[in-house]
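Student: Below you'll find the structure I mean.
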Amino acid sequence: MLDTAPCPAYLSGLNEAQRDAATHGIGPGEVCGPLLVIAGAGSGKTNTLAHRVAHLLAHGADPGQILMLTFSRRAADEMARRVQRIAGKVSPRHAQLAASGFPWAGTFHSVGARLLREFAGRIGLDPAFTIHDREDSADLINLVRHELGFSAKGKRFPMKGTCLAIYSAVLNTQAPMTEVLLSTFPWCAEWEADLKALFRGYVAAKQAQQVLDYDDLLLYWAQMVAEPELAREVGARFTHVLVDEYQDTNRLQAAILLGIKPDGHGLTVVGDDAQSIYSFRGATIRNILDFPEHFSPPARRVTLDRNYRSTQPILAAANGVISQAKERFSKDLWSERESAAKPRIVSVRDEVDQAAGVVEQILARREEGLKLKSQAVLFRASQHSVRLEIELTRRNIPFVKFGGLKFLEAAHVKDVLAVLRWAQNPRDRVSGFRAVQLLPGIGPKTAARILDNVQAAPPGCALLTEQPVPDATRHAWVAFATLIENLGQASIWPTPVEQLAQWYETQMERLFDDFAVRQADIQQLARIAATYPSQERFLTELTLDPPDATSDESGKPLLDEDYLNLSTIHSAKGREWSAVSILNVVDGCLPSDLATGNEREIEEEMRLLYVAMTRAKDHLDLFVPQRFYVTGQASTGDRHVYASRTRFIPNRLLDHFENVTWPEAQTETPAKDATRQAAVDLAARMRAMWE
């Protein structure tokens, strides 16, 4: 039953469920037992959590004894700022109290580092230990890898980055290595015994050097609070522990919380099981689903289901999708924002039409007064936006991209483009240096010597096949040199890029541990090349200056105050836009055909679609290409692969959507494909006259 006591003025802006969560167990005679707040998308969870902290201060809590755990420093800072604003409504004294700061607000890793340094002498650490970042850790594990002789094995041993990823996955999931290898790194399963030896050596090296890596900050903290005396001491210093985004925690983080608050007294966790989408980082939905039953009596549960972001038709469609999940807390989001516009399922012929349709809709909404910054295009995997990125560049529409490197900046894509550029211009030293080192046994010194010889030779007389390379590499080098000469002389486009793609795919298993995933990008590059009239046009247009990109977001265009948002769904979580378009809402893309190995993976893919849909405030378009053009090998040839609407929107949910086709009354037939492509090429050439 919800509290009917008079509401303090500073809580008056909350709805009943939010107020119930903010005041739970706080006040004279009340017991602050464990609380689970299930906060649906757009339900104001951060605001609710901030009001709960302010309410604690109003009832005498000491900011120095409140532990607030978030998943970014920025989120912790924002939480503190909100608490300060709310505390100002309580009294000037409380505002001053909040302004003094919350010394124990931060990420799990930052708080863990502080505690480990404080308790270092009691857990066998030097208080002056250093912390390695991921690159440092990979270098150290590589050093151990060499010392153990694994880098000299006759068969391909996992590279340092893959070794570190396996080590991290085992620690964060607390799963047996065999299970982790088979489910996530199957190409490394044969090395299980050697990997265990490597990790033992890695741990010994860290201990000898008194260094901790990123995962150790959680592991040591969890081991520390597994000791009853230390657990009681750490738990006693925090009267209240509040955790945001609990659905994104891993098993180590859950163990830490249960270690310091085994009875749940003063423990509040906030999250949404329907937005649990980070299992690839070790997060497990079981943490939030099982949380209530860790305590006796079970933790109290408060559900925030009023959505302040989206229109009711959008929520009805999203509710329909997530209702199919078997593992979830039941809730239906609702909103007072009524609208006559349903979300749309937009059927398009192929990826070319999808890109054109998305751009047309974006520009139409811009003409109606909706800025580009208020619109977003979301996709399951970074390479899904490639066709769209090129179309946006052609149309001079600025954009930023969130989530991973841009397609054209991925290492394997840059490799292929470097070979093409070097074949086109042998004096291009930057491209040549990268291209030559793709061959086994050729390092920087040999590459530099080859490039010097090529540059010194008269034009057209480089004689690549005769260049000095190690004997063991001679056969591979002759084949590569022949390919380069053919690429430079080929006149029938896009045959050169198809030949290069086939050659490069034979190298990828040696170059990358996750080569199977990267192959899709190379095939996509070949498909894109086929839409250009020549090699020169292909290379020129792809080297137009794109926004910079990092692992989180691309840099914003410096000369444009307005820009379109492109984002992977994972990177879109926590964001919102007035209009959202989702690409490739078909089986094989959403769910990804790489994530349908079991029911757990499929349910997470369903939650991904739900997260994408609930980013939209007013307009939501789900694009469904009817077919994809696939560049095949010599045995299969190029072909069209037909697709079907995602399994997550079965026929019984179609009433929640408006079904449209773009372009309207689409009547093209296979016989008209050539004419249609010629028109596309002609239009591109006409536009190019003014570029």
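Labeling convention for the structure tokens: chains A, B, ... as they appear, residues from 1 per chain, ligands from 1 in order of appearance.
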Env of Lys373 in chain A: 9 Å cut, atoms = only C-alpha atoms, seq-sep filter 2 positions within chain, self excluded. Answer as a ChimeraX atom specification.
Tutor: /A:370-371,375-376,399,561-565,577
Student: So which bits of range 301-331 of chain A end up alpha helix (DSSP H) when you DSSP the backbone, as a list of chain:residue names?
Tutor: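 Answer for range 301-331 of chain A, restricted to alpha helix (DSSP H): A:Gln312, A:Pro313, A:Ile314, A:Leu315, A:Ala316, A:Ala317, A:Ala318, A:Asn319, A:Gly320, A:Val321, A:Ile322.
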Student: Which one is closest to Gln324 in chain A: A:Ile602, A:Ile442, A:Ala152, A:Ala479? Count only C-alpha atoms.
Tutor: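 With only C-alpha atoms as the atom set, the closest residue is A:Ile602.
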Student: For Ala222 in chain A, find every residue with an atom within 8 Å (counting only C-alpha atoms), except residues of its own chain fewer than 2 positions away, and show them as JSON, numbers by chain.
Tutor: {"A": [218, 219, 220, 224, 225, 226, 252, 253, 255, 256, 259]}
Student: Hey, which of A:Ala189, A:Leu14, A:Ala529, A:Ile649 ends up closest to Tyr308 in chain A? Count only C-alpha atoms.
Tutor: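 Nearest candidate to Tyr308 in chain A out of A:Ala189, A:Leu14, A:Ala529, A:Ile649: A:Leu14.
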Student: Restricting the calculation to only C-alpha atoms, which member of A:Glu599, A:Glu367, A:Asp244, A:Asp263 is positioned closest to Ile288 in chain A?
Tutor: A:Asp244
Student: May I have the residues within 8 Å of range 343-348 of chain A as a PyMOL selection string, using only C-alpha atoms and disregarding those fewer than 3 positions away in the same chain?
Tutor: chain A and resi 313-314+317+351+353-354+357+619-626+656-663
Student: For Arg145 in chain A, which residue among A:Ala411, A:Ala39, A:Ala274, A:Ala205 is the nearest when counting only C-alpha atoms?
Tutor: A:Ala205
Student: Counting only C-alpha atoms, which residue out of A:Tyr610, A:Trp334, A:Phe329, A:Phe480 sits closest to Gln312 in chain A?
Tutor: A:Trp334
Student: With distances taken over only C-alpha atoms, which residue among A:Val111, A:Val359, A:Ala572, A:Ala364 lies nearest Asn396 in chain A?
Tutor: A:Val359
Student: Report as number ranges by chain: the residues of range 195-427 of chain A with a DSSP assignment of strand (DSSP E or B), based on the backbone of this structure.
Tutor: A: 211-212, 240-243, 267-271, 300-304, 306, 334, 344-348, 375-379, 399-402
Student: Can you tell me, as an MDAnalysis selection string, what residues are no more than 8 Å from Ile528 in chain A when counting only C-alpha atoms, ignoring any on the same chain fewer than 4 positions away?
Tutor: chainID A and resid 387 524 532
